[in-house]
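Peer 1: Pasting a structure here, questions to come.
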Amino acid sequence: AESSIDVLPRPLEAFLLFTAGPTGCRGELELELATADKTWTAKAPVEAPRFGHRLVKVREVFPDLPAAATGVLKVRQPAQPMFYGRMFCGHLDAQGRFTANHSYYDSSATAEYWDDRRDSYRSYPFFPGLDNRVRMYPIMSPGELAVTVSLHGAGGKKLANVPAGVVTSPGPRFLDVSVGALAEGAGLAVTAVEAFTLSTACGSGRMPTRVNHQLVHSSGGLESSVNVSLVNPNVFLPPGKTGMTWGQFPAGKGITSYLGFVGNAPEGKPEPLEVTFYGEGGEIGRFEKVLSPGGSVRFNSKDFEVPGELPAYLWFMARSPRPDLTAIVATRDDATGACTGEHGF
């Protein structure tokens with residue numbers, strides 16, 4: 001089954017996009033939605049020609065679902081020969097606009113653990129002006145994970161270590177925390193936060209090899225969701241490996257894009273970071289920065305002059321001696337507050 005699919009209260013409409021493979025498909029999706037007080041189950045027929053699609057709206061499958069209901073949704077796809085397509089899932093608003101992401105495997109029935117109990121973790125840039133959230137669903141291998149958020153300021157300085165909750169897999173409850181609210185609860189100014197590290201501890205058991213979660217950014221409209229996983233000290237790292245990441249950075253009238261670079265771990269030493277931006281005509285800017293452990297290097301599209309009425313799809317390439325270099329992009333439509341985003345590649 002697959003999960004990490006947000007079923008949020010009305011008026012937003014959660015949807016799934018099923019994809020057929022090279023032979024076409026006729027079958028059904030099996031859906032299970034666990035809310036706080038009830039588990040809903042249903043089947044949705046799907047039929048699509050080869051490489052075709054079928055859009056499924058979650059609340060049409062569950063017509064009696066209360067408007068305010070949220071929960072943990074799991075979906076099992078029909079088997080297809082020589083093909084396994086990830087589902088595209090997200091939200092539609094009343095005007096037909098949407099944001100979406102891919103689903104993620106539900107591992108809660110699979111015992112897949114590291115051989116020890118060391119914490120899993122990952123760092124992210126904090127974008128001022130946006131609500132920076134983390135959602136974690138109970139889809140890890142069976143067990144209980146205590147979640148902590150470490151807040152970091154200028155130069156990577158640790159400002160606070162804040163317990164964020166517990167996720168029990170399998171289970172009907174997911175974790176949804178605002179990093180800005182955690183900072184305010186710790187007596188910090190949100191503007192002082194430049195990065196944060198999400199970490200999980202497994203208590204008496206072993207650490208699941210997959211600890212998946214969503215990095216969510218919003219600004220009063222549709223939310224952006226980036227599906228990512230925590231890393232673990234057991235992951236193999238070849239000697240001498242360096243870091244490189246690239247991605248898209250929309251800029252121009254009517255939108256604001258935020259780009260941030262971090263190292264996955266908040267430890268280490270300051271390392272150089274070279275970031276190059278490209279437009280349709282080639283290179284448009286190169287920046288030499290220092291990436292501090294626990295800190296971030298951030299860019300804002302308002303600092304780039306882009307002619308014309310439409311957004312320009314700039315690209316970035318970043319290199320650093322740090323092998324765990326990570327990039328996150330969030331883009332906001334200034335008129336509606338709708339956001340979209342992505343991780344670097």
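We label chains A, B, ... in the order they appear in the structure tokens, count residues from 1 in each chain, and number ligands from 1 in the order shown.
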Met140 of chain A: which residues within 8 Å, counting only C-alpha atoms, same-chain residues fewer than 3 positions away excluded, as a list in words?

Peer 2: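 Near neighbours after the sequence-gap exclusion: Asp106, Ser107, Ser108, Tyr137, Gly143, Ser169, Pro170, Pro208, Arg210, Val211 and Asn212 of chain A.
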
Peer 1: Can you pull out every residue within 9 Å of Cys202 of chain A, counting only C-alpha atoms, but drop anything in the same chain fewer than 4 positions away, and send it as an mmCIF file with C-alpha atoms, in the first residue's frame?

Peer 2:
```cif
data_model
loop_
_atom_site.group_PDB
_atom_site.id
_atom_site.type_symbol
_atom_site.label_atom_id
_atom_site.label_comp_id
_atom_site.auth_asym_id
_atom_site.auth_seq_id
_atom_site.Cartn_x
_atom_site.Cartn_y
_atom_site.Cartn_z
ATOM 1 C CA ARG A 117 19.179 2.157 17.571
ATOM 2 C CA ARG A 118 21.008 5.260 16.378
ATOM 3 C CA ASP A 119 18.803 8.227 15.575
ATOM 4 C CA GLY A 143 7.432 0.744 16.421
ATOM 5 C CA GLU A 144 7.344 4.096 18.164
ATOM 6 C CA LEU A 145 9.418 7.108 17.141
ATOM 7 C CA ALA A 146 9.968 10.178 19.324
ATOM 8 C CA ARG A 206 15.668 -0.645 16.420
ATOM 9 C CA MET A 207 15.501 2.230 13.979
ATOM 10 C CA PRO A 208 13.391 1.644 10.825
#
```

Peer 1: At a cut-off of 9 Å, using only C-alpha atoms, what residues contact Asn234 of chain A? Leave out same-chain residues fewer than 6 positions from it and give the result as a PyMOL selection string.

Peer 2: chain A and resi 114-116+118

Peer 1: Nearest to Pro78 of chain A: which of A:Tyr124, A:Trp246, A:Tyr313, A:Phe18 is it, counting only C-alpha atoms?

Peer 2: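 Distance minimum relative to Pro78 of chain A lands on A:Phe18.
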
Peer 1: Kindly provide the residues of segment 169-276 of chain A that approach segment 301-307 of chain A to within 7 Å, each paired with its closest atom pair and their distance in Å to one decimal, based on only C-alpha atoms, listed by chain and increasing number, as a tab-separated table.

Peer 2:
```
residue	atom	partner	partner_atom	distance
A:Ala251	CA	A:Ser301	CA	5.2
A:Gly252	CA	A:Val306	CA	5.3
A:Thr256	CA	A:Ser301	CA	5.8
A:Ser257	CA	A:Ser301	CA	5.1
A:Tyr258	CA	A:Ser301	CA	6.6
```

Peer 1: Mind the document's chain letters and residue numbers, and return as a VMD selection string the residues of segment 9-62 of chain A that DSSP labels strand (DSSP E).

Peer 2: chain A and resid 13 to 19 25 to 34 39 to 48 53 to 57

Peer 1: Between atom CA of Ala36 of chain A and atom CA of Pro142 of chain A, what is the spacing in Å?

Peer 2: 19.3 Å

Peer 1: Here is a test: counting only C-alpha atoms, which residue of A:Ser296, A:Ser218, A:Asn132, A:Ser224 is nearest to Ala183 of chain A?

Peer 2: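 Using only C-alpha atoms, Ala183 of chain A sits closest to A:Asn132.
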
Peer 1: Just the residues within 9 Å of Asp334 of chain A, please, counting only C-alpha atoms, with nothing from its chain fewer than 6 positions along; format it as an MDAnalysis selection string.

Peer 2: chainID A and resid 253:256

Peer 1: Could you dump the residues just selected with C-alpha atoms as an mmCIF file, in the first residue's frame?

Peer 2:
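Okay, this is what ended up in result34.cif:
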```cif
data_model
loop_
_atom_site.group_PDB
_atom_site.id
_atom_site.type_symbol
_atom_site.label_atom_id
_atom_site.label_comp_id
_atom_site.auth_asym_id
_atom_site.auth_seq_id
_atom_site.Cartn_x
_atom_site.Cartn_y
_atom_site.Cartn_z
ATOM 1 C CA LYS A 253 6.715 39.026 -11.625
ATOM 2 C CA GLY A 254 3.974 37.711 -9.358
ATOM 3 C CA ILE A 255 5.910 34.955 -7.609
ATOM 4 C CA THR A 256 8.465 34.611 -4.834
#
```

Peer 1: In Å, how far is it from atom CA of Arg133 of chain A to atom CA of Val177 of chain A?

Peer 2: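 Computing the Euclidean distance for atom CA of Arg133 of chain A and atom CA of Val177 of chain A yields 5.5 Å.
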